[in-house]
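I have placed the structure first, in the form of C-alpha cells, so that the comments after it can refer back to it.
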Amino acid sequence: MSSGSAWAVLLLAGLCEVAWAVGLKYTEGFSRLWPSVGTVVAMVASVVLLGLSLRTLPLGTAYAVWTGIGAVGTALLGMLLFAESREVARLVCIGLIVAGIVGLKWVTPD
C-alpha cells in the first residue's frame, strides 16, 4: 500500500471511530437494536482499517492520528448534535489536537 493510500485508509478509520463514538449515544446502553448494530459495525471497520494502515504507517503516528480524528470529530458532533459546550477554551484545545494531527502527517516520512 502506498503512503498516500495508507493515510486515506487511516482517515477513513478515524471517521469510523467518530461514527461509533457518536453511535454509542444513540444505542442507549446497547438497548436499541439498530443503533447498536451500526455502532458495532463502525467499531469493527475502524479497527480493521487502522490495522490496514499500519502495514505502511508507523504505529505511534497512526494511533495518535486515529485517536485525534476520533476526538476532534466526536467533540464537534457533540456540539452540533447534543448542544455540548462551544466555549472558546474548548475550541482552542480541539484546534491543538488538529495541529498535532497535521504535524504528525507533516513529519512522517513517505
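Here's how to read the names in the C-alpha cells: chain A, B, ... by the order shown, residue numbers from 1 in each chain, ligand numbers from 1 in the order shown.
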
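For Ala99 in chain A, the non-local neighbours within 10 Å, defined as residues at least 6 positions apart in the same chain or in other chains and counting only C-alpha atoms, are Gly68, Cys93 and Lys105 of chain A.
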
Find the residue from A:Ala83, A:Val88, A:Leu54, A:Ile69 that sits nearest to Ser5 in chain A; use only C-alpha atoms when measuring. A:Leu54

Give the alpha helix (DSSP H) residues of chain A, as assigned by DSSP on the backbone, as an MDAnalysis selection string. chainID A and resid 3:27 33:53 59:82 88:107

What does the file look like for those residues with C-alpha atoms, as a PDB file, in the first residue's frame?
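Okay, this is what ended up in out.pdb:
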```pdb
ATOM      1  CA  SER A   3       1.835   6.062   1.771  1.00  0.00           C
ATOM      2  CA  GLY A   4      -0.971   8.168   0.289  1.00  0.00           C
ATOM      3  CA  SER A   5      -3.348   5.218   0.327  1.00  0.00           C
ATOM      4  CA  ALA A   6      -2.380   4.371   3.912  1.00  0.00           C
ATOM      5  CA  TRP A   7      -3.189   7.930   5.006  1.00  0.00           C
ATOM      6  CA  ALA A   8      -6.552   7.757   3.202  1.00  0.00           C
ATOM      7  CA  VAL A   9      -7.352   4.436   4.925  1.00  0.00           C
ATOM      8  CA  LEU A  10      -6.323   5.953   8.261  1.00  0.00           C
ATOM      9  CA  LEU A  11      -8.624   8.941   7.675  1.00  0.00           C
ATOM     10  CA  LEU A  12     -11.496   6.554   6.945  1.00  0.00           C
ATOM     11  CA  ALA A  13     -10.631   4.581  10.094  1.00  0.00           C
ATOM     12  CA  GLY A  14     -10.795   7.807  12.101  1.00  0.00           C
ATOM     13  CA  LEU A  15     -14.163   8.708  10.600  1.00  0.00           C
ATOM     14  CA  CYS A  16     -15.460   5.250  11.521  1.00  0.00           C
ATOM     15  CA  GLU A  17     -14.223   5.898  15.058  1.00  0.00           C
ATOM     16  CA  VAL A  18     -16.285   9.090  15.130  1.00  0.00           C
ATOM     17  CA  ALA A  19     -19.291   7.123  13.867  1.00  0.00           C
ATOM     18  CA  TRP A  20     -19.085   4.501  16.597  1.00  0.00           C
ATOM     19  CA  ALA A  21     -18.425   7.024  19.339  1.00  0.00           C
ATOM     20  CA  VAL A  22     -21.472   9.065  18.359  1.00  0.00           C
ATOM     21  CA  GLY A  23     -23.400   5.864  17.744  1.00  0.00           C
ATOM     22  CA  LEU A  24     -22.851   4.871  21.366  1.00  0.00           C
ATOM     23  CA  LYS A  25     -25.020   7.795  22.408  1.00  0.00           C
ATOM     24  CA  TYR A  26     -27.873   6.512  20.251  1.00  0.00           C
ATOM     25  CA  THR A  27     -27.650   2.903  21.472  1.00  0.00           C
ATOM     26  CA  LEU A  33     -31.030  -2.835  18.175  1.00  0.00           C
ATOM     27  CA  TRP A  34     -30.238  -0.893  15.007  1.00  0.00           C
ATOM     28  CA  PRO A  35     -28.116   1.844  16.558  1.00  0.00           C
ATOM     29  CA  SER A  36     -26.248  -0.931  18.395  1.00  0.00           C
ATOM     30  CA  VAL A  37     -25.672  -2.895  15.183  1.00  0.00           C
ATOM     31  CA  GLY A  38     -24.434   0.226  13.379  1.00  0.00           C
ATOM     32  CA  THR A  39     -22.140   1.094  16.260  1.00  0.00           C
ATOM     33  CA  VAL A  40     -20.576  -2.377  16.365  1.00  0.00           C
ATOM     34  CA  VAL A  41     -20.099  -2.383  12.574  1.00  0.00           C
ATOM     35  CA  ALA A  42     -18.374   1.015  12.785  1.00  0.00           C
ATOM     36  CA  MET A  43     -16.174  -0.252  15.643  1.00  0.00           C
ATOM     37  CA  VAL A  44     -15.023  -3.258  13.648  1.00  0.00           C
ATOM     38  CA  ALA A  45     -14.482  -1.196  10.488  1.00  0.00           C
ATOM     39  CA  SER A  46     -12.467   1.373  12.427  1.00  0.00           C
ATOM     40  CA  VAL A  47     -10.089  -1.171  13.926  1.00  0.00           C
ATOM     41  CA  VAL A  48      -9.712  -3.157  10.691  1.00  0.00           C
ATOM     42  CA  LEU A  49      -8.916  -0.001   8.710  1.00  0.00           C
ATOM     43  CA  LEU A  50      -6.441   1.133  11.367  1.00  0.00           C
ATOM     44  CA  GLY A  51      -4.765  -2.267  11.092  1.00  0.00           C
ATOM     45  CA  LEU A  52      -4.526  -1.953   7.321  1.00  0.00           C
ATOM     46  CA  SER A  53      -2.939   1.484   7.581  1.00  0.00           C
ATOM     47  CA  LEU A  59       2.359   2.626  14.869  1.00  0.00           C
ATOM     48  CA  GLY A  60       2.743   5.674  17.105  1.00  0.00           C
ATOM     49  CA  THR A  61       1.838   8.102  14.329  1.00  0.00           C
ATOM     50  CA  ALA A  62      -1.128   6.113  13.047  1.00  0.00           C
ATOM     51  CA  TYR A  63      -2.579   5.525  16.504  1.00  0.00           C
ATOM     52  CA  ALA A  64      -2.192   9.170  17.521  1.00  0.00           C
ATOM     53  CA  VAL A  65      -3.804  10.394  14.306  1.00  0.00           C
ATOM     54  CA  TRP A  66      -6.617   7.829  14.563  1.00  0.00           C
ATOM     55  CA  THR A  67      -7.487   8.838  18.109  1.00  0.00           C
ATOM     56  CA  GLY A  68      -7.083  12.515  17.223  1.00  0.00           C
ATOM     57  CA  ILE A  69      -9.542  12.268  14.345  1.00  0.00           C
ATOM     58  CA  GLY A  70     -11.930  10.440  16.643  1.00  0.00           C
ATOM     59  CA  ALA A  71     -11.579  13.003  19.415  1.00  0.00           C
ATOM     60  CA  VAL A  72     -11.992  16.034  17.173  1.00  0.00           C
ATOM     61  CA  GLY A  73     -14.861  14.582  15.160  1.00  0.00           C
ATOM     62  CA  THR A  74     -16.692  13.364  18.242  1.00  0.00           C
ATOM     63  CA  ALA A  75     -16.273  16.683  20.048  1.00  0.00           C
ATOM     64  CA  LEU A  76     -17.521  18.653  17.042  1.00  0.00           C
ATOM     65  CA  LEU A  77     -20.508  16.375  16.510  1.00  0.00           C
ATOM     66  CA  GLY A  78     -21.256  16.568  20.229  1.00  0.00           C
ATOM     67  CA  MET A  79     -21.538  20.320  19.822  1.00  0.00           C
ATOM     68  CA  LEU A  80     -23.729  20.037  16.736  1.00  0.00           C
ATOM     69  CA  LEU A  81     -25.977  17.140  17.724  1.00  0.00           C
ATOM     70  CA  PHE A  82     -26.131  17.317  21.514  1.00  0.00           C
ATOM     71  CA  VAL A  88     -13.544  29.264  23.314  1.00  0.00           C
ATOM     72  CA  ALA A  89     -11.141  27.291  25.508  1.00  0.00           C
ATOM     73  CA  ARG A  90     -12.681  24.035  24.304  1.00  0.00           C
ATOM     74  CA  LEU A  91     -12.414  25.092  20.657  1.00  0.00           C
ATOM     75  CA  VAL A  92      -8.781  26.116  21.157  1.00  0.00           C
ATOM     76  CA  CYS A  93      -7.992  22.714  22.636  1.00  0.00           C
ATOM     77  CA  ILE A  94      -9.682  20.987  19.693  1.00  0.00           C
ATOM     78  CA  GLY A  95      -7.593  23.180  17.390  1.00  0.00           C
ATOM     79  CA  LEU A  96      -4.450  21.994  19.176  1.00  0.00           C
ATOM     80  CA  ILE A  97      -5.425  18.387  18.508  1.00  0.00           C
ATOM     81  CA  VAL A  98      -5.898  19.231  14.814  1.00  0.00           C
ATOM     82  CA  ALA A  99      -2.486  20.928  14.804  1.00  0.00           C
ATOM     83  CA  GLY A 100      -0.984  17.772  16.287  1.00  0.00           C
ATOM     84  CA  ILE A 101      -2.585  15.602  13.609  1.00  0.00           C
ATOM     85  CA  VAL A 102      -1.319  17.889  10.835  1.00  0.00           C
ATOM     86  CA  GLY A 103       2.113  17.999  12.453  1.00  0.00           C
ATOM     87  CA  LEU A 104       2.355  14.211  12.635  1.00  0.00           C
ATOM     88  CA  LYS A 105       1.391  13.939   8.968  1.00  0.00           C
ATOM     89  CA  TRP A 106       3.956  16.580   8.086  1.00  0.00           C
ATOM     90  CA  VAL A 107       6.870  14.933   9.918  1.00  0.00           C
TER      91      VAL A 107
END
```
